[in-house]
Amino acid sequence: MGRRPAAGPSGRAGPRPAGRRGTVPAVDSPFSWSASRHDTFATCRRRYYYSYYAAVEDPEVRRLKKLSALPLWAGSVVHETIQAVLEGHDALPSPEAQEAIVRGAVHSDMLNAWRESESGPDGFRLFEHEYGVPVEKEDKRLAVNTVMRSLRSFFRSATLAEAFAVGRKAWLALEDLVSFRVGEVEVFLRMDLAFRDRAGRVVIVDWKTGRAEGRFNEVQIAGYALYAAEQGWVGDPGEIQTELNYLVVPRARRRTVQGKQLEHARRFIARSAADMKALLLDSAANLARIEDFPMIDRPRVCRRCSFRRLCFPRADVAAVEATAPPP
Ligand code: SF4
């Protein structure tokens with residue numbers, strides 16, 4: 001699990017202003033775009049400000065940004081374990097070895113991280129521990145179940161068998177953070193696995209631990225295809241196949257990319273980036289001001305937000321809790 005820098009001052013209603021009073025220039029991190037950035041921007045402008053501007057300057061905001069809620073954490077454990085398996089094996093491990101990996105993820109990785117989180121804020125930290133949210137036995141059971149079920153599905157998946165069959169030399173990406181440009185904007189995305197199949201097509205796989213389609217899956221997928229096209233992996237978008245592999249269900253949905261999807265994705269990203277830049281005090285300097293990024297009035301969302309302490313001083317947290325209906 002990742003480590004965080006030393007915590008800064010806490011218990012205040014906002015991050016320490018940097019540069020001009022109340023403004024945060026992201027001097028060392030110029031503007032870039034990602035699907036998760038779009039998602040955050042669409043959910044709450046203030047959360048977006050904290051995540052992509054205040055967190056650059058303020059260690060405490062950065063620490064809060066890294067909090068992980070139980071379901072997200074389960075997904076991270078699955079991804080990290082899959083990455084380790086793919087990096088360390090050239091063929092499917094034996095059934096006994098598979099079971100040892102699954103049990104290791106739960107009984108060692110998760111247990112150690114849980115204890116680290118419980119012990120205090122100086123390390124991996126769950127949202128639930130940070131905010132004193134009671135974790136029911138059922139919630140823990142669900143997280144453990146997600147990890148075990150996902151990893152067992154992964155080992156049984158036709159996609160994994162195919163990746164091992166074509167061999168490592170045909171793998172194009174493995175948990176790589178890659179970037180490409182749409183106009184002036186640098187776009188970042190994480191590619192779980194990409195390989196060339198026996199027919200010479202490129203297969204780009206996204207492992208999912210949720211059951212439902214995410215709101216921006218289509219854009220994310222088109223982003224993969226844009227990157228593959230830009231890298232020259234294929235001569236024609238029709239040679240790219242994207243796969244959303246829902247491990248918990250389990251179900252894999254593989255699709256051939258259409259040329260018009262790439263154009264749609266380019267337009268979507270350009271428009272989204274323009275909307276984000278429109279709120280900046282100085283777009284060229286990537287300079288943001290907290291007051292230009294309003295809070296939302298959605299207690300149910302705020303209740304599960306890592307930054308709620310910054311938005312709601314202690315006395316008001318109880319009010320947020322009281323007005324929010326159960327999830
Ligand atoms: S607590 Fe609510 S208003 Fe504040 S950043 Fe989070 S979602 Fe936005």
# chains A, B, ... in the order shown; residues from 1 in each chain; ligands from 1
>>> residues_around(residues="region 194-197 of chain A", least_positions_apart="2", cutoff="7 Å", atoms="only C-alpha atoms", output="NGL selection string")
:A and (163 or 166 or 170-174 or 199-205)
>>> residues_near_ligand(ligand="ligand 1", cutoff="7 Å", atoms="only C-alpha atoms and all ligand atoms", output="ChimeraX atom specification")
/A:44-47,295-299,301-303,305-308,310-312
>>> select_by_dssp(residues="region 131-325 of chain A", states="strand (DSSP E)", output="PDB file with N, CA and C atoms, in the first residue's frame")
ATOM      1  N   TRP A 171       2.734  -8.892 -25.169  1.00  0.00           N
ATOM      2  CA  TRP A 171       2.066  -7.942 -24.262  1.00  0.00           C
ATOM      3  C   TRP A 171       2.556  -6.529 -24.571  1.00  0.00           C
ATOM      4  N   LEU A 172       1.637  -5.605 -24.648  1.00  0.00           N
ATOM      5  CA  LEU A 172       1.977  -4.233 -25.016  1.00  0.00           C
ATOM      6  C   LEU A 172       1.958  -3.295 -23.808  1.00  0.00           C
ATOM      7  N   ALA A 173       1.161  -3.620 -22.800  1.00  0.00           N
ATOM      8  CA  ALA A 173       1.088  -2.771 -21.595  1.00  0.00           C
ATOM      9  C   ALA A 173       0.603  -3.612 -20.423  1.00  0.00           C
ATOM     10  N   LEU A 174       1.120  -3.285 -19.246  1.00  0.00           N
ATOM     11  CA  LEU A 174       0.687  -3.994 -18.030  1.00  0.00           C
ATOM     12  C   LEU A 174       0.667  -2.994 -16.884  1.00  0.00           C
ATOM     13  N   GLU A 175      -0.539  -2.594 -16.492  1.00  0.00           N
ATOM     14  CA  GLU A 175      -0.723  -1.600 -15.418  1.00  0.00           C
ATOM     15  C   GLU A 175       0.133  -0.362 -15.658  1.00  0.00           C
ATOM     16  N   ASP A 176       0.213   0.070 -16.909  1.00  0.00           N
ATOM     17  CA  ASP A 176       1.035   1.235 -17.235  1.00  0.00           C
ATOM     18  C   ASP A 176       0.200   2.510 -17.170  1.00  0.00           C
ATOM     19  N   LEU A 177       0.804   3.548 -16.595  1.00  0.00           N
ATOM     20  CA  LEU A 177       0.188   4.867 -16.675  1.00  0.00           C
ATOM     21  C   LEU A 177       0.708   5.498 -17.963  1.00  0.00           C
ATOM     22  N   VAL A 178      -0.168   5.696 -18.914  1.00  0.00           N
ATOM     23  CA  VAL A 178       0.284   6.192 -20.213  1.00  0.00           C
ATOM     24  C   VAL A 178      -0.361   7.544 -20.485  1.00  0.00           C
ATOM     25  N   SER A 179       0.212   8.265 -21.419  1.00  0.00           N
ATOM     26  CA  SER A 179      -0.379   9.561 -21.761  1.00  0.00           C
ATOM     27  C   SER A 179      -0.305   9.799 -23.261  1.00  0.00           C
ATOM     28  N   PHE A 180      -1.223  10.618 -23.728  1.00  0.00           N
ATOM     29  CA  PHE A 180      -1.218  11.049 -25.121  1.00  0.00           C
ATOM     30  C   PHE A 180      -1.886  12.420 -25.161  1.00  0.00           C
ATOM     31  N   ARG A 181      -1.858  13.049 -26.308  1.00  0.00           N
ATOM     32  CA  ARG A 181      -2.396  14.405 -26.369  1.00  0.00           C
ATOM     33  C   ARG A 181      -3.671  14.463 -27.194  1.00  0.00           C
ATOM     34  N   VAL A 182      -4.595  15.267 -26.726  1.00  0.00           N
ATOM     35  CA  VAL A 182      -5.751  15.645 -27.535  1.00  0.00           C
ATOM     36  C   VAL A 182      -5.640  17.152 -27.690  1.00  0.00           C
ATOM     37  N   VAL A 185      -4.024  19.314 -24.813  1.00  0.00           N
ATOM     38  CA  VAL A 185      -4.230  18.702 -23.494  1.00  0.00           C
ATOM     39  C   VAL A 185      -3.551  17.341 -23.400  1.00  0.00           C
ATOM     40  N   GLU A 186      -2.789  17.139 -22.323  1.00  0.00           N
ATOM     41  CA  GLU A 186      -2.202  15.823 -22.093  1.00  0.00           C
ATOM     42  C   GLU A 186      -3.230  14.964 -21.348  1.00  0.00           C
ATOM     43  N   VAL A 187      -3.457  13.787 -21.874  1.00  0.00           N
ATOM     44  CA  VAL A 187      -4.463  12.875 -21.308  1.00  0.00           C
ATOM     45  C   VAL A 187      -3.745  11.686 -20.685  1.00  0.00           C
ATOM     46  N   PHE A 188      -4.108  11.391 -19.434  1.00  0.00           N
ATOM     47  CA  PHE A 188      -3.496  10.254 -18.746  1.00  0.00           C
ATOM     48  C   PHE A 188      -4.513   9.133 -18.588  1.00  0.00           C
ATOM     49  N   LEU A 189      -4.062   7.912 -18.738  1.00  0.00           N
ATOM     50  CA  LEU A 189      -4.919   6.772 -18.409  1.00  0.00           C
ATOM     51  C   LEU A 189      -4.053   5.591 -17.992  1.00  0.00           C
ATOM     52  N   ARG A 190      -4.659   4.747 -17.169  1.00  0.00           N
ATOM     53  CA  ARG A 190      -3.953   3.547 -16.727  1.00  0.00           C
ATOM     54  C   ARG A 190      -4.468   2.367 -17.529  1.00  0.00           C
ATOM     55  N   MET A 191      -3.541   1.644 -18.111  1.00  0.00           N
ATOM     56  CA  MET A 191      -3.917   0.512 -18.945  1.00  0.00           C
ATOM     57  C   MET A 191      -3.618  -0.768 -18.182  1.00  0.00           C
ATOM     58  N   ASP A 192      -4.667  -1.528 -17.844  1.00  0.00           N
ATOM     59  CA  ASP A 192      -4.463  -2.739 -17.042  1.00  0.00           C
ATOM     60  C   ASP A 192      -3.635  -3.765 -17.807  1.00  0.00           C
ATOM     61  N   LEU A 193      -4.071  -4.078 -19.013  1.00  0.00           N
ATOM     62  CA  LEU A 193      -3.364  -5.090 -19.814  1.00  0.00           C
ATOM     63  C   LEU A 193      -3.695  -4.873 -21.278  1.00  0.00           C
ATOM     64  N   ALA A 194      -2.683  -4.896 -22.123  1.00  0.00           N
ATOM     65  CA  ALA A 194      -2.907  -4.862 -23.574  1.00  0.00           C
ATOM     66  C   ALA A 194      -1.986  -5.898 -24.199  1.00  0.00           C
ATOM     67  N   PHE A 195      -2.519  -6.651 -25.133  1.00  0.00           N
ATOM     68  CA  PHE A 195      -1.670  -7.633 -25.826  1.00  0.00           C
ATOM     69  C   PHE A 195      -2.139  -7.800 -27.266  1.00  0.00           C
ATOM     70  N   ARG A 196      -1.262  -8.366 -28.085  1.00  0.00           N
ATOM     71  CA  ARG A 196      -1.621  -8.635 -29.476  1.00  0.00           C
ATOM     72  C   ARG A 196      -2.101 -10.078 -29.559  1.00  0.00           C
ATOM     73  N   VAL A 202      -5.145  -5.883 -31.529  1.00  0.00           N
ATOM     74  CA  VAL A 202      -4.746  -5.469 -30.183  1.00  0.00           C
ATOM     75  C   VAL A 202      -5.947  -5.607 -29.244  1.00  0.00           C
ATOM     76  N   VAL A 203      -5.749  -6.307 -28.135  1.00  0.00           N
ATOM     77  CA  VAL A 203      -6.808  -6.463 -27.133  1.00  0.00           C
ATOM     78  C   VAL A 203      -6.409  -5.645 -25.905  1.00  0.00           C
ATOM     79  N   ILE A 204      -7.296  -4.738 -25.498  1.00  0.00           N
ATOM     80  CA  ILE A 204      -7.026  -3.892 -24.332  1.00  0.00           C
ATOM     81  C   ILE A 204      -8.029  -4.270 -23.245  1.00  0.00           C
ATOM     82  N   VAL A 205      -7.511  -4.706 -22.103  1.00  0.00           N
ATOM     83  CA  VAL A 205      -8.379  -5.260 -21.062  1.00  0.00           C
ATOM     84  C   VAL A 205      -8.456  -4.317 -19.863  1.00  0.00           C
ATOM     85  N   ASP A 206      -9.660  -4.144 -19.352  1.00  0.00           N
ATOM     86  CA  ASP A 206      -9.879  -3.350 -18.146  1.00  0.00           C
ATOM     87  C   ASP A 206     -10.551  -4.259 -17.120  1.00  0.00           C
ATOM     88  N   TRP A 207      -9.849  -4.610 -16.041  1.00  0.00           N
ATOM     89  CA  TRP A 207     -10.437  -5.460 -15.003  1.00  0.00           C
ATOM     90  C   TRP A 207     -11.346  -4.610 -14.132  1.00  0.00           C
ATOM     91  N   LYS A 208     -12.562  -5.060 -13.912  1.00  0.00           N
ATOM     92  CA  LYS A 208     -13.524  -4.311 -13.094  1.00  0.00           C
ATOM     93  C   LYS A 208     -13.924  -5.151 -11.882  1.00  0.00           C
ATOM     94  N   ILE A 240      -8.539  -2.849 -33.151  1.00  0.00           N
ATOM     95  CA  ILE A 240      -8.447  -2.749 -31.694  1.00  0.00           C
ATOM     96  C   ILE A 240      -9.706  -3.344 -31.068  1.00  0.00           C
ATOM     97  N   GLN A 241      -9.513  -4.179 -30.077  1.00  0.00           N
ATOM     98  CA  GLN A 241     -10.658  -4.700 -29.322  1.00  0.00           C
ATOM     99  C   GLN A 241     -10.489  -4.272 -27.871  1.00  0.00           C
ATOM    100  N   THR A 242     -11.539  -3.747 -27.293  1.00  0.00           N
ATOM    101  CA  THR A 242     -11.475  -3.384 -25.880  1.00  0.00           C
ATOM    102  C   THR A 242     -12.349  -4.348 -25.089  1.00  0.00           C
ATOM    103  N   GLU A 243     -11.879  -4.669 -23.916  1.00  0.00           N
ATOM    104  CA  GLU A 243     -12.638  -5.630 -23.088  1.00  0.00           C
ATOM    105  C   GLU A 243     -12.838  -5.080 -21.686  1.00  0.00           C
ATOM    106  N   LEU A 244     -14.099  -4.983 -21.280  1.00  0.00           N
ATOM    107  CA  LEU A 244     -14.410  -4.706 -19.879  1.00  0.00           C
ATOM    108  C   LEU A 244     -14.645  -6.065 -19.240  1.00  0.00           C
ATOM    109  N   ASN A 245     -13.804  -6.411 -18.282  1.00  0.00           N
ATOM    110  CA  ASN A 245     -13.901  -7.748 -17.684  1.00  0.00           C
ATOM    111  C   ASN A 245     -14.385  -7.608 -16.241  1.00  0.00           C
ATOM    112  N   TYR A 246     -15.682  -7.886 -16.055  1.00  0.00           N
ATOM    113  CA  TYR A 246     -16.295  -7.761 -14.727  1.00  0.00           C
ATOM    114  C   TYR A 246     -16.019  -9.037 -13.945  1.00  0.00           C
ATOM    115  N   ARG A 251     -18.172 -11.563 -16.036  1.00  0.00           N
ATOM    116  CA  ARG A 251     -18.597 -11.411 -17.427  1.00  0.00           C
ATOM    117  C   ARG A 251     -17.588 -10.522 -18.151  1.00  0.00           C
ATOM    118  N   ALA A 252     -17.219 -10.925 -19.350  1.00  0.00           N
ATOM    119  CA  ALA A 252     -16.293 -10.103 -20.138  1.00  0.00           C
ATOM    120  C   ALA A 252     -17.028  -9.593 -21.363  1.00  0.00           C
ATOM    121  N   ARG A 253     -16.894  -8.303 -21.610  1.00  0.00           N
ATOM    122  CA  ARG A 253     -17.544  -7.720 -22.786  1.00  0.00           C
ATOM    123  C   ARG A 253     -16.475  -7.146 -23.713  1.00  0.00           C
ATOM    124  N   ARG A 254     -16.261  -7.849 -24.819  1.00  0.00           N
ATOM    125  CA  ARG A 254     -15.212  -7.418 -25.750  1.00  0.00           C
ATOM    126  C   ARG A 254     -15.859  -6.775 -26.970  1.00  0.00           C
ATOM    127  N   ARG A 255     -15.310  -5.636 -27.373  1.00  0.00           N
ATOM    128  CA  ARG A 255     -15.905  -4.913 -28.504  1.00  0.00           C
ATOM    129  C   ARG A 255     -14.828  -4.435 -29.464  1.00  0.00           C
ATOM    130  N   THR A 256     -15.185  -4.406 -30.724  1.00  0.00           N
ATOM    131  CA  THR A 256     -14.284  -3.832 -31.727  1.00  0.00           C
ATOM    132  C   THR A 256     -14.516  -2.322 -31.755  1.00  0.00           C
ATOM    133  N   LEU A 287      -3.893  28.171 -12.663  1.00  0.00           N
ATOM    134  CA  LEU A 287      -4.065  28.789 -11.350  1.00  0.00           C
ATOM    135  C   LEU A 287      -5.541  28.784 -10.954  1.00  0.00           C
ATOM    136  N   ALA A 288      -5.811  28.183  -9.768  1.00  0.00           N
ATOM    137  CA  ALA A 288      -7.206  28.040  -9.335  1.00  0.00           C
ATOM    138  C   ALA A 288      -7.443  28.778  -8.020  1.00  0.00           C
ATOM    139  N   ARG A 289      -8.691  29.201  -7.824  1.00  0.00           N
ATOM    140  CA  ARG A 289      -9.097  29.906  -6.607  1.00  0.00           C
ATOM    141  C   ARG A 289     -10.262  29.163  -6.001  1.00  0.00           C
TER     142      ARG A 289
END
>>> atom_distance(atom1="CA of Ala225 (chain A)", atom2="CA of Tyr48 (chain A)")
26.2 Å
>>> atom_distance(atom1="CA of Ala74 (chain A)", atom2="CA of Leu126 (chain A)")
11.1 Å
>>> closest_atom_pairs(of="region 71-150 of chain A", to="region 64-67 of chain A", cutoff="8 Å", atoms="only C-alpha atoms", output="JSON lines")
{"residue": "A:Phe124", "atom": "CA", "partner": "A:Leu67", "partner_atom": "CA", "distance": 7.7}
{"residue": "A:Arg125", "atom": "CA", "partner": "A:Leu67", "partner_atom": "CA", "distance": 5.6}
{"residue": "A:Leu126", "atom": "CA", "partner": "A:Leu67", "partner_atom": "CA", "distance": 5.4}
{"residue": "A:Phe127", "atom": "CA", "partner": "A:Leu67", "partner_atom": "CA", "distance": 5.2}
{"residue": "A:Glu130", "atom": "CA", "partner": "A:Leu67", "partner_atom": "CA", "distance": 8.0}
>>> residues_around(residues="Glu87 (chain A)", least_positions_apart="3", cutoff="10 Å", atoms="only C-alpha atoms", output="CSV table (one decimal) with C-alpha atoms, in the first residue's frame")
chain,number,residue,atom,x,y,z
A,81,THR,CA,-2.6,-8.8,-7.0
A,82,ILE,CA,-3.4,-9.3,-10.7
A,83,GLN,CA,-0.4,-7.1,-11.6
A,84,ALA,CA,1.9,-9.1,-9.3
A,90,ASP,CA,4.4,-16.8,-17.7
A,168,ARG,CA,4.8,-12.1,-22.7
A,174,LEU,CA,0.7,-4.0,-18.0
A,175,GLU,CA,-0.7,-1.6,-15.4
>>> residues_around(residues="Arg149 (chain A)", least_positions_apart="3", cutoff="9 Å", atoms="only C-alpha atoms", output="PyMOL selection string")
chain A and resi 102+144-146+152-154+247-250
>>> atom_distance(atom1="CA of Arg156 (chain A)", atom2="CA of Glu99 (chain A)")
11.9 Å
>>> select_by_dssp(residues="region 31-129 of chain A", states="alpha helix (DSSP H)", output="MDAnalysis selection string")
chainID A and resid 35:43 45:49 55:57 59:65 70:88 95:104 111:119 127:129
>>> write_last_selection(atoms="C-alpha atoms", output="compact mmCIF listing (two decimals), in the first residue's frame")
# COMPACT_ATOMS: atom_id res chain seq x y z
CA ALA A 35 -11.47 10.08 -16.88
CA SER A 36 -11.35 10.17 -13.07
CA ARG A 37 -10.65 13.91 -13.18
CA HIS A 38 -13.74 14.35 -15.33
CA ASP A 39 -15.73 12.22 -12.91
CA THR A 40 -14.61 14.31 -9.93
CA PHE A 41 -15.38 17.55 -11.76
CA ALA A 42 -18.86 16.30 -12.65
CA THR A 43 -19.55 15.21 -9.06
CA ARG A 45 -16.39 21.33 -8.21
CA ARG A 46 -15.05 21.82 -4.67
CA ARG A 47 -13.92 18.21 -4.50
CA TYR A 48 -12.21 18.74 -7.85
CA TYR A 49 -10.41 21.82 -6.50
CA ALA A 55 -3.64 18.63 -2.80
CA VAL A 56 -0.61 19.68 -4.80
CA GLU A 57 0.34 22.25 -2.17
CA PRO A 59 0.05 17.68 2.61
CA GLU A 60 -3.11 17.31 4.71
CA VAL A 61 -5.40 17.73 1.69
CA ARG A 62 -3.16 15.29 -0.17
CA ARG A 63 -3.51 12.81 2.70
CA LEU A 64 -7.30 13.10 2.62
CA LYS A 65 -7.29 12.64 -1.15
CA LEU A 70 -13.83 -0.12 1.58
CA PRO A 71 -15.15 -1.02 -1.90
CA LEU A 72 -12.44 1.02 -3.64
CA TRP A 73 -9.83 -0.59 -1.44
CA ALA A 74 -11.05 -4.07 -2.40
CA GLY A 75 -10.65 -3.06 -6.05
CA SER A 76 -7.08 -1.86 -5.42
CA VAL A 77 -6.14 -5.13 -3.73
CA VAL A 78 -7.47 -7.04 -6.74
CA HIS A 79 -5.57 -4.87 -9.23
CA GLU A 80 -2.33 -5.06 -7.27
CA THR A 81 -2.60 -8.83 -6.97
CA ILE A 82 -3.36 -9.26 -10.67
CA GLN A 83 -0.41 -7.07 -11.56
CA ALA A 84 1.90 -9.15 -9.34
CA VAL A 85 0.62 -12.38 -10.90
CA LEU A 86 1.13 -11.12 -14.45
CA GLU A 87 4.57 -9.74 -13.65
CA GLY A 88 5.69 -12.92 -11.91
CA PRO A 95 -4.64 -24.61 -8.53
CA GLU A 96 -2.82 -24.81 -5.17
CA ALA A 97 -0.67 -21.77 -6.04
CA GLN A 98 -3.76 -19.85 -7.18
CA GLU A 99 -5.50 -20.53 -3.89
CA ALA A 100 -2.38 -19.47 -1.97
CA ILE A 101 -2.36 -16.17 -3.90
CA VAL A 102 -6.05 -15.56 -3.19
CA ARG A 103 -5.64 -16.33 0.51
CA GLY A 104 -2.45 -14.26 0.69
CA LEU A 111 -5.22 -7.79 7.10
CA ASN A 112 -1.92 -5.89 7.31
CA ALA A 113 -3.38 -2.86 5.55
CA TRP A 114 -6.44 -2.95 7.83
CA ARG A 115 -4.22 -2.93 10.92
CA GLU A 116 -2.10 -0.14 9.50
CA SER A 117 -5.21 1.91 8.83
CA GLU A 118 -6.60 1.25 12.32
CA SER A 119 -3.33 2.28 13.95
CA PHE A 127 -12.04 6.53 4.90
CA GLU A 128 -14.03 4.61 7.51
CA HIS A 129 -11.22 4.76 10.08
>>> closest_residue(among="A:Asp109, A:Ser68, A:Ala270, A:Tyr53", to="Pro30 (chain A)", atoms="only C-alpha atoms")
A:Tyr53
>>> residues_around(residues="Val219 (chain A)", least_positions_apart="5", cutoff="10 Å", atoms="only C-alpha atoms", output="compact mmCIF listing (two decimals) with C-alpha atoms, in the first residue's frame")
# COMPACT_ATOMS: atom_id res chain seq x y z
CA SER A 34 -8.14 11.90 -17.11
CA ALA A 35 -11.47 10.08 -16.88
CA TYR A 224 -7.44 3.34 -24.74
CA ALA A 225 -8.13 3.11 -28.44
CA GLN A 261 -15.74 6.42 -31.38
CA LEU A 262 -12.25 7.89 -31.55
CA HIS A 264 -16.30 11.22 -30.31
CA ALA A 265 -13.72 10.65 -27.57
CA ARG A 266 -11.50 13.44 -28.86
CA PHE A 268 -15.59 14.71 -25.41
CA ILE A 269 -12.14 15.17 -23.87
